[in-house]
Each structure stands twice: as structure tokens, then as C-alpha cells.
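One file, query_15.cif, carrying mmCIF, C-alpha atoms:
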data_query
loop_
_atom_site.label_atom_id
_atom_site.label_comp_id
_atom_site.auth_asym_id
_atom_site.auth_seq_id
_atom_site.Cartn_x
_atom_site.Cartn_y
_atom_site.Cartn_z
CA MET R 229 12.85 6.05 12.29
CA GLU R 230 15.87 4.66 14.11
CA ARG R 231 15.29 0.90 14.58
CA ILE R 232 13.27 -0.67 11.77
CA MET R 233 11.79 -4.16 11.42
CA ILE R 234 10.73 -5.34 7.96
CA THR R 235 8.49 -8.32 7.21
CA GLY R 236 8.57 -9.91 3.76
CA ALA R 237 12.15 -8.68 3.42
CA LEU R 238 13.03 -11.15 0.66
CA GLY R 239 10.15 -10.09 -1.60
CA GLN R 240 10.20 -7.81 -4.62
CA ILE R 241 9.96 -4.60 -2.62
CA GLY R 242 11.34 -5.85 0.68
CA SER R 243 14.68 -7.04 -0.69
CA GLU R 244 15.54 -3.62 -2.09
CA LEU R 245 13.90 -1.64 0.70
CA THR R 246 16.02 -3.48 3.27
CA GLU R 247 19.27 -2.46 1.60
CA LYS R 248 18.14 1.12 1.04
CA LEU R 249 17.16 1.55 4.69
CA ARG R 250 20.38 -0.07 5.88
CA GLY R 251 22.27 2.42 3.75
CA ILE R 252 20.42 5.35 5.35
CA TYR R 253 19.93 4.27 8.97
CA GLY R 254 22.78 1.78 9.41
CA ALA R 255 22.89 -1.95 8.69
CA ASP R 256 22.57 -2.94 12.35
CA ASN R 257 19.43 -0.81 12.76
CA VAL R 258 17.31 -2.69 10.21
CA LEU R 259 16.00 -6.16 11.08
CA ALA R 260 14.96 -8.10 7.99
CA THR R 261 12.48 -10.98 8.41
CA ASP R 262 10.91 -13.43 6.00
CA ILE R 263 9.38 -16.89 6.03
CA ARG R 264 12.40 -18.13 4.04
CA ASN R 265 16.00 -18.15 5.21
CA GLY R 266 17.73 -14.97 4.14
CA GLY R 267 21.15 -16.41 3.38
CA GLU R 268 24.02 -13.95 3.58
CA GLN R 269 22.77 -10.55 4.77
CA SER R 270 24.37 -7.15 5.32
CA GLY R 271 22.52 -6.82 8.66
CA PRO R 272 20.40 -8.76 11.16
CA PHE R 273 17.90 -11.32 9.82
CA SER R 274 15.31 -13.62 11.42
CA VAL R 275 12.99 -16.21 9.95
CA LEU R 276 9.37 -15.17 10.62
CA ASP R 277 5.98 -16.48 9.58
CA VAL R 278 3.81 -13.35 9.86
CA THR R 279 0.82 -15.44 10.95
CA ASN R 280 2.77 -16.14 14.17
CA ALA R 281 1.75 -13.09 16.21
CA GLN R 282 3.79 -13.91 19.31
CA LYS R 283 7.04 -14.37 17.43
CA MET R 284 6.49 -11.15 15.48
CA HIS R 285 5.90 -9.25 18.74
CA ASP R 286 8.92 -10.83 20.43
CA LEU R 287 11.28 -10.11 17.55
CA ALA R 288 10.22 -6.46 17.40
CA LYS R 289 10.51 -6.08 21.19
CA ASP R 290 13.89 -7.79 21.46
CA PHE R 291 15.24 -5.70 18.57
CA GLY R 292 13.95 -2.49 20.12
CA ALA R 293 12.14 -1.54 16.90
CA ASP R 294 10.46 1.85 16.72
CA THR R 295 9.16 1.26 13.18
CA MET R 296 7.39 -1.69 11.57
CA MET R 297 7.39 -2.00 7.78
CA HIS R 298 4.98 -4.77 6.89
CA MET R 299 5.72 -5.91 3.34
CA ALA R 300 4.72 -9.59 3.51
CA ALA R 301 1.79 -10.40 1.19
CA LEU R 302 0.50 -12.74 -1.49
CA LEU R 303 0.20 -10.75 -4.74
CA SER R 304 -2.74 -10.33 -7.11
CA ALA R 305 -2.51 -13.21 -9.60
CA THR R 306 -1.37 -15.71 -6.95
CA ALA R 307 -4.11 -14.52 -4.60
CA GLU R 308 -6.76 -15.32 -7.21
CA GLU R 309 -5.42 -18.86 -7.45
CA LYS R 310 -5.39 -19.27 -3.65
CA PRO R 311 -7.97 -16.84 -2.24
CA LEU R 312 -8.33 -18.39 1.23
CA LEU R 313 -4.56 -18.51 1.69
CA ALA R 314 -4.40 -14.90 0.52
CA TRP R 315 -6.98 -13.78 3.07
CA ASN R 316 -5.32 -15.64 5.94
CA LEU R 317 -1.82 -14.46 5.07
CA ASN R 318 -2.56 -10.92 3.94
CA MET R 319 -5.10 -9.99 6.60
CA GLY R 320 -3.82 -12.20 9.42
CA GLY R 321 -0.27 -10.94 8.95
CA LEU R 322 -1.46 -7.33 8.80
CA VAL R 323 -3.48 -7.61 12.02
CA ASN R 324 -0.49 -9.17 13.78
CA ALA R 325 1.82 -6.40 12.57
CA LEU R 326 -0.63 -3.69 13.65
CA GLU R 327 -1.10 -5.31 17.05
CA ALA R 328 2.65 -5.49 17.59
CA SER R 329 2.86 -1.82 16.63
CA ARG R 330 0.07 -0.95 19.06
CA GLU R 331 1.61 -2.91 21.91
CA LEU R 332 5.13 -1.55 21.35
CA GLY R 333 4.25 1.96 20.15
CA MET R 334 5.89 1.59 16.73
CA GLN R 335 5.42 3.77 13.67
CA PHE R 336 3.84 1.63 10.95
CA PHE R 337 4.00 1.32 7.15
CA THR R 338 2.34 -1.13 4.80
CA PRO R 339 1.77 -0.73 1.06
CA SER R 340 -1.63 -0.80 -0.56
CA SER R 341 -2.07 -1.05 -4.33
CA ILE R 342 -4.03 0.09 -7.34
CA GLY R 343 -5.63 -3.32 -6.83
CA ALA R 344 -7.74 -1.60 -4.16
CA PHE R 345 -9.74 -0.06 -7.01
CA GLY R 346 -12.34 -1.89 -9.06
CA PRO R 347 -14.31 -1.70 -12.32
CA SER R 348 -16.69 0.93 -10.92
CA THR R 349 -13.78 3.24 -9.97
CA PRO R 350 -13.18 6.13 -12.43
CA LYS R 351 -10.64 4.75 -14.92
CA LYS R 352 -8.77 7.92 -15.85
CA ASN R 353 -7.00 10.20 -13.39
CA THR R 354 -8.47 8.15 -10.53
CA PRO R 355 -8.97 10.44 -7.51
CA GLN R 356 -7.39 9.91 -4.10
CA ASP R 357 -10.83 9.55 -2.54
CA THR R 358 -13.17 7.56 -4.75
CA LEU R 359 -15.34 4.45 -5.00
CA GLN R 360 -13.40 1.28 -4.14
CA ARG R 361 -15.23 -1.95 -4.98
CA PRO R 362 -12.52 -4.40 -6.16
CA THR R 363 -13.47 -7.74 -7.67
CA THR R 364 -10.34 -9.67 -6.64
CA MET R 365 -9.34 -11.20 -3.32
CA TYR R 366 -6.12 -9.15 -3.44
CA GLY R 367 -8.15 -5.98 -3.89
CA VAL R 368 -10.52 -6.90 -1.08
CA ASN R 369 -7.48 -7.45 1.16
CA LYS R 370 -6.03 -4.07 0.22
CA VAL R 371 -9.24 -2.10 0.84
CA ALA R 372 -9.73 -3.86 4.17
CA GLY R 373 -6.10 -3.16 5.00
CA GLU R 374 -6.42 0.55 4.26
CA LEU R 375 -9.47 0.79 6.51
CA LEU R 376 -7.81 -1.25 9.24
CA CYS R 377 -4.74 0.99 9.26
CA ASP R 378 -7.01 4.05 9.47
CA TYR R 379 -8.81 2.39 12.38
CA TYR R 380 -5.58 1.77 14.30
CA PHE R 381 -4.61 5.41 13.82
CA GLN R 382 -7.99 6.77 14.89
CA LYS R 383 -8.66 4.26 17.69
CA PHE R 384 -5.19 3.73 19.16
CA GLY R 385 -3.13 6.66 17.84
CA ILE R 386 -0.70 4.39 15.95
CA ASP R 387 1.24 6.41 13.37
CA THR R 388 0.13 4.34 10.37
CA ARG R 389 1.12 5.37 6.85
CA GLY R 390 0.85 3.81 3.40
CA VAL R 391 0.78 4.28 -0.35
CA ARG R 392 -1.17 2.67 -3.17
CA PHE R 393 1.62 1.37 -5.35
CA PRO R 394 1.11 0.88 -9.08
CA GLY R 395 2.99 -1.89 -10.88
CA LEU R 396 6.65 -1.83 -9.80
CA VAL R 397 9.51 -2.50 -12.19
CA SER R 398 12.85 -3.73 -10.85
CA TYR R 399 15.98 -5.49 -12.11
CA VAL R 400 16.89 -6.87 -8.65
CA ALA R 401 14.17 -9.27 -7.54
CA GLN R 402 12.26 -11.61 -9.84
CA PRO R 403 8.51 -10.96 -10.27
CA GLY R 404 6.37 -12.51 -7.56
CA GLY R 405 2.93 -13.28 -9.02
CA GLY R 406 1.56 -9.82 -9.76
CA THR R 407 -0.60 -8.78 -12.70
CA THR R 408 1.80 -6.00 -13.72
CA ASP R 409 4.80 -8.37 -13.75
CA TYR R 410 4.81 -8.38 -17.55
CA ALA R 411 6.54 -5.00 -17.33
CA VAL R 412 9.48 -6.76 -15.66
CA ASP R 413 9.41 -10.00 -17.67
CA ILE R 414 9.58 -8.10 -20.92
CA TYR R 415 13.04 -6.70 -20.16
CA TYR R 416 14.47 -10.14 -19.33
CA LYS R 417 13.10 -11.60 -22.55
CA ALA R 418 14.23 -8.60 -24.60
CA ILE R 419 17.83 -9.19 -23.52
CA GLU R 420 17.80 -12.99 -23.56
CA GLU R 421 15.60 -13.76 -26.58
CA GLN R 422 14.82 -10.42 -28.33
CA ARG R 423 11.15 -11.37 -28.21
CA TYR R 424 8.33 -11.46 -25.69
CA THR R 425 4.82 -12.92 -25.56
CA SER R 426 2.60 -10.63 -23.51
CA TYR R 427 -0.16 -12.07 -21.34
CA ILE R 428 -1.67 -8.55 -21.14
CA ALA R 429 -3.60 -7.37 -24.20
CA GLU R 430 -2.54 -4.54 -26.46
CA GLY R 431 -4.07 -1.23 -25.43
CA THR R 432 -4.30 -2.14 -21.72
CA TYR R 433 -2.97 0.84 -19.79
CA MET R 434 -1.72 0.40 -16.24
CA ASP R 435 0.13 2.72 -13.89
CA MET R 436 3.76 1.83 -13.22
CA MET R 437 6.74 3.05 -11.21
CA TYR R 438 10.45 2.24 -11.26
CA MET R 439 11.63 0.71 -7.99
CA PRO R 440 14.12 3.48 -7.04
CA ASP R 441 11.23 5.98 -7.08
CA ALA R 442 9.03 3.61 -5.05
CA LEU R 443 11.67 3.13 -2.36
CA GLN R 444 12.30 6.86 -2.08
CA ALA R 445 8.55 7.43 -1.75
CA ILE R 446 8.44 5.12 1.27
CA VAL R 447 11.30 6.95 2.97
CA ASP R 448 9.86 10.38 2.17
CA LEU R 449 6.42 9.45 3.51
CA MET R 450 7.79 7.92 6.71
CA GLU R 451 9.97 10.96 7.37
CA ALA R 452 7.17 13.44 6.59
CA ASP R 453 5.72 15.76 9.24
CA PRO R 454 2.67 13.90 10.62
CA ALA R 455 0.83 17.20 11.10
CA LYS R 456 0.71 17.63 7.31
CA LEU R 457 -0.76 14.20 6.59
CA ILE R 458 -4.48 14.17 5.90
CA HIS R 459 -4.89 10.77 4.28
CA ARG R 460 -2.17 8.55 5.81
CA ASN R 461 -3.58 5.26 4.37
CA ALA R 462 -3.12 5.14 1.52
CA PHE R 463 -1.76 7.75 -0.87
CA ASN R 464 -2.07 7.38 -4.62
CA VAL R 465 1.42 7.37 -6.16
CA THR R 466 2.45 6.88 -9.77
CA ALA R 467 5.20 7.72 -12.23
CA MET R 468 3.85 6.67 -15.63
CA SER R 469 1.00 4.90 -17.38
CA PHE R 470 1.60 2.77 -20.48
CA GLU R 471 0.28 -0.18 -22.48
CA PRO R 472 2.39 -3.09 -23.79
CA GLU R 473 3.11 -1.58 -27.22
CA GLN R 474 4.58 1.53 -25.62
CA ILE R 475 7.04 -0.39 -23.47
CA ALA R 476 7.98 -2.47 -26.51
CA ALA R 477 8.62 0.72 -28.50
CA SER R 478 10.79 2.03 -25.68
CA ILE R 479 12.83 -1.19 -25.70
CA ARG R 480 13.29 -1.03 -29.50
CA LYS R 481 15.19 2.24 -29.07
CA HIS R 482 17.92 0.08 -27.54
CA ILE R 483 17.20 -3.36 -29.11
CA PRO R 484 15.77 -2.64 -32.61
CA GLU R 485 15.19 -6.33 -33.39
CA PHE R 486 12.90 -6.82 -30.39
CA GLN R 487 9.53 -8.37 -31.29
CA MET R 488 6.38 -8.78 -29.24
CA SER R 489 3.35 -11.03 -29.67
CA TYR R 490 0.30 -11.74 -27.51
CA ASP R 491 -1.17 -14.72 -25.70
CA VAL R 492 -3.60 -13.10 -23.30
CA ASP R 493 -4.11 -14.70 -19.90
CA PRO R 494 -7.85 -14.21 -19.15
CA VAL R 495 -7.34 -14.20 -15.36
CA ARG R 496 -4.65 -11.53 -15.30
CA GLN R 497 -6.33 -9.59 -18.10
CA ALA R 498 -9.58 -9.44 -16.13
CA ILE R 499 -7.66 -8.13 -13.14
CA ALA R 500 -5.92 -5.50 -15.28
CA ASP R 501 -9.23 -4.43 -16.84
CA SER R 502 -10.65 -3.77 -13.38
CA TRP R 503 -7.85 -1.34 -12.50
CA PRO R 504 -7.45 2.34 -13.44
CA ASP R 505 -5.69 3.48 -16.61
CA SER R 506 -4.09 6.39 -14.74
CA ILE R 507 -4.30 7.81 -11.23
CA ASP R 508 -4.11 11.23 -9.58
CA ALA R 509 -1.21 11.55 -7.11
CA SER R 510 -1.81 15.19 -6.18
CA ALA R 511 -2.60 14.41 -2.52
CA ALA R 512 0.80 12.77 -2.06
CA LYS R 513 2.50 15.70 -3.78
CA ASN R 514 0.69 18.27 -1.67
CA GLU R 515 0.91 16.53 1.72
CA TRP R 516 4.48 15.17 1.71
CA GLY R 517 6.19 16.29 -1.49
CA PHE R 518 5.97 13.06 -3.49
CA LYS R 519 7.98 13.16 -6.72
CA THR R 520 9.61 10.77 -9.18
CA GLN R 521 12.73 10.81 -11.34
CA TYR R 522 12.00 8.14 -13.96
CA ASP R 523 9.65 8.18 -16.94
CA LEU R 524 9.25 5.21 -19.31
CA ASP R 525 12.32 5.86 -21.47
CA ALA R 526 14.55 6.66 -18.50
CA MET R 527 13.39 3.48 -16.77
CA THR R 528 13.96 1.37 -19.90
CA SER R 529 17.46 2.70 -20.38
CA ASP R 530 18.45 2.02 -16.76
CA MET R 531 16.70 -1.38 -16.64
CA LEU R 532 18.50 -2.68 -19.72
CA VAL R 533 21.92 -1.54 -18.53
CA LYS R 534 21.48 -2.95 -15.01
CA LEU R 535 19.80 -6.17 -16.14
CA LYS R 536 22.51 -6.96 -18.70
CA LYS R 537 25.14 -6.66 -15.96
CA LYS R 538 23.06 -8.88 -13.68
CA LEU R 539 22.48 -11.57 -16.29
CA MET R 540 26.17 -11.66 -17.17
CA HIS R 541 26.90 -12.82 -13.62
CA VAL R 542 24.12 -15.39 -13.32
#
For this file, write the structure as C-alpha cells.
Amino acid sequence: MERIMITGALGQIGSELTEKLRGIYGADNVLATDIRNGGEQSGPFSVLDVTNAQKMHDLAKDFGADTMMHMAALLSATAEEKPLLAWNLNMGGLVNALEASRELGMQFFTPSSIGAFGPSTPKKNTPQDTLQRPTTMYGVNKVAGELLCDYYFQKFGIDTRGVRFPGLVSYVAQPGGGTTDYAVDIYYKAIEEQRYTSYIAEGTYMDMMYMPDALQAIVDLMEADPAKLIHRNAFNVTAMSFEPEQIAASIRKHIPEFQMSYDVDPVRQAIADSWPDSIDASAAKNEWGFKTQYDLDAMTSDMLVKLKKKLMHV
């Protein structure tokens, strides 16, 4: 990777990925794009609606991009509210990004998700290769996207790569309509109000990862020797699996007065219930050396420190 174009660069992952890549490859070598204006940026930025195939192609060509990182998507809970919009944006944008990569010979990355699994998928230690029959529009998009990326590799030789991200926790960008967003919201409320009402039921386990580990995983995968990659799209990755009471207990080690109650959202709970409790990331470890640094307590400690500093300046 030398010249990188990112779509969805103002989103939860994209905003942090942009800065990480600019730090590694140089600010001028990373073009950030999003449908919204980016404001002040540390490097080049262009407004882009990913459903506009011609503009996407032209931006990548003019920039001289050798890598496309397609991060633009409508997330799980929002996609259930607006399924047709989700299909048009998620799949239309992906096809446009893949076509631009085919036409310009770019390396390609897009994230999949544990949302690609469904209620018939094995719930514990979910294998890399397993039954995928999701019951959400977001999940349908992700399974179709995985297959489409495989197709572009097999049919056109495009160097497509991806991971199935679990829930991602970050202090930088606000949550963007995902089912696992409670694991971000809870830290804000712990600091601001010392209490949180969870929309996910007690005992609901979901895989999670701290954003620094997720960003490093993207870089490591994209820099990996292609000859060692068997799966390409998309690798299971995870750092931890916990339920709401466990994250609350971790927070109480720092904020003893923190209290949590429940008001379960049936839509997001149904989505969570259809996902695995824990997943097997051995393929990623074996094929490109995937590893993480943060467990739940390490993540909680860092989140609270960084979020307090952030909120002090808001």
C-alpha cells in the first residue's frame, strides 16, 4: 500500500483508520472520502456518495490510488429500520468500489461482520467456515459482500481482503447505529451519570474488540503475504466476549458507584440473539499472524482515561 483511498472516512472505523494510515504511509498518501464534508483534515479529503460510481472511479484514478478501503455502510440497527436504503447503499456502494478496483488494479479491503452469521450458526467458538443464514438485512448484505469479494478475486484477480469484525469499542467516534453500540454508550454514561440503562438483556454475550486492535488488524492483513492467505474474505477476528453485567463489573473497578438497569430493545435484542456468543479466530492467527493487545479490563481502563479527557474538552 502506497496511495490509499478510503470511503466512509468519517464513520466509526473510517475516522480512526484514516489517521492511523496517514501516520504510517504519510498524510498526503491517504485520500479520505465521505458523503458529508470532512471539515479540517490532516490530509486530502473529497465529498463522495458511494452510489456515484463514476465519481468514485475518477477520484481514485486522479489520486493515483493503489488501494481502496471501502468502509461506507449502513449499520445493523439502522439497516433494519431502512432495509431498502441499506441494500442500495451497502451493496451498490460495494459493487462500485469493487468495479473501480478492477478497472484501476487496486488492492481492496472492506469489513464484514459477525452480523454475517445467523441463528442457525454454531453459537460458541463459531468456526471460520460455517453455516451463514442471517435474518437481518445487514447480515444479508455482509454475506453477499463476502461472496462478491471472493468472486472479484477469483474472476478478475483483484486482491480483495476482509475481516468479520465483532462489536468495536472506541472513545473517538460516536456510535453509528450498531447493535453492539451499548458497549460504547455505557462508558459515556458511566462517566457522565454513573448509571446506564442497557437495551441489551443481561446474559447476552457478544464478541467485541477495542478499536486500536481492530485498526492494527486491518494494517496487518493488508500487508500480509498474499501467498499465505487461504480465506481472504472474510477472516473471523475477536478479542473478547462479554455480556452487559461483565462490562459493568469492569467499570465498577474504576467507578464503584456505577449502576446499571435494563430496558431491552426487542429489535436490537433479536439481532444480538441471532449472533454468536464467541468466535474462533484461528484462521486469521495462522494465515497472517492476527493478535490483540486489549482484554476487557485493559480496554475499560484505557476507555475511561481517554473518554474523560475527551469529555473535558467538549
- Query: Near segment 374-386 of chain R, counting all atoms listed in the file, which residues have an atom at most 7 Å away, once you skip same-chain residues fewer than 5 positions from it, shown as a PyMOL selection string?
  - Reply: chain R and resi 330+333+335+340+461-462
Within 12 Å of (-1.1, 13.3, -9.9) (file coordinates; only C-alpha atoms), which protein or nucleic acid residues are there? I'd like them as an MDAnalysis selection string. chainID R and resid 352:356 435 463:469 506:514 517:520
I'd like to know which of R:Met540, R:Ala500, R:Met319, R:Ala401 is closest to Val368 of chain R, using all atoms listed in the file.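 Between R:Met540, R:Ala500, R:Met319, R:Ala401, the residue approaching Val368 of chain R most closely is R:Met319.
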Taking a cut-off of 12 Å and counting all atoms listed in the file, can you build a table that, for each residue of segment 426-517 of chain R near segment 230-239 of chain R, reports the nearest atom pair and how far apart they are in Å (one decimal), sorted by chain then residue number, as a tab-separated table?
residue	atom	partner	partner_atom	distance
R:Val447	CA	R:Ile232	CA	11.8
R:Met450	CA	R:Ile232	CA	11.4
R:Glu451	CA	R:Glu230	CA	11.0
Using all atoms listed in the file, the residue out of R:Glu327, R:Glu308, R:Glu485, R:Asp530 with shortest distance to Gly406 of chain R is R:Glu308
Assuming the chain letters and numbering stay as they are in my file, what does the PyMOL selection byres ((chain R and resi 360) around 12) actually select? List them as a ChimeraX atom specification.
/R:341-351,354-359,361-364,367-372,374-375,502-504
Handout entry: Residue contacts of segment 437-439 of chain R (12 Å, all atoms listed in the file) excluding same-chain residues fewer than 5 positions away, as a VMD selection string
Key = chain R and resid 240 to 245 248 341 to 342 392 to 401 408 to 409 411 to 412 444 to 446 464 to 470 506 519 to 531
Ground truth for the PyMOL selection byres ((chain R and resi 316) around 12), written as a ChimeraX atom specification = /R:277-280,300-302,307,310-315,317-324,365-366,369
In terms of all atoms listed in the file, the residue from R:Met299, R:Met284, R:Ala293, R:Ala442 at minimal distance from Leu259 of chain R is R:Ala293
| Nearest to Ile428 of chain R by atom-to-atom distance, counting all atoms listed in the file, from R:Asp505, R:Asp448, R:Asp413, R:Asp491 |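 That would be R:Asp491, the residue with the smallest distance to Ile428 of chain R.
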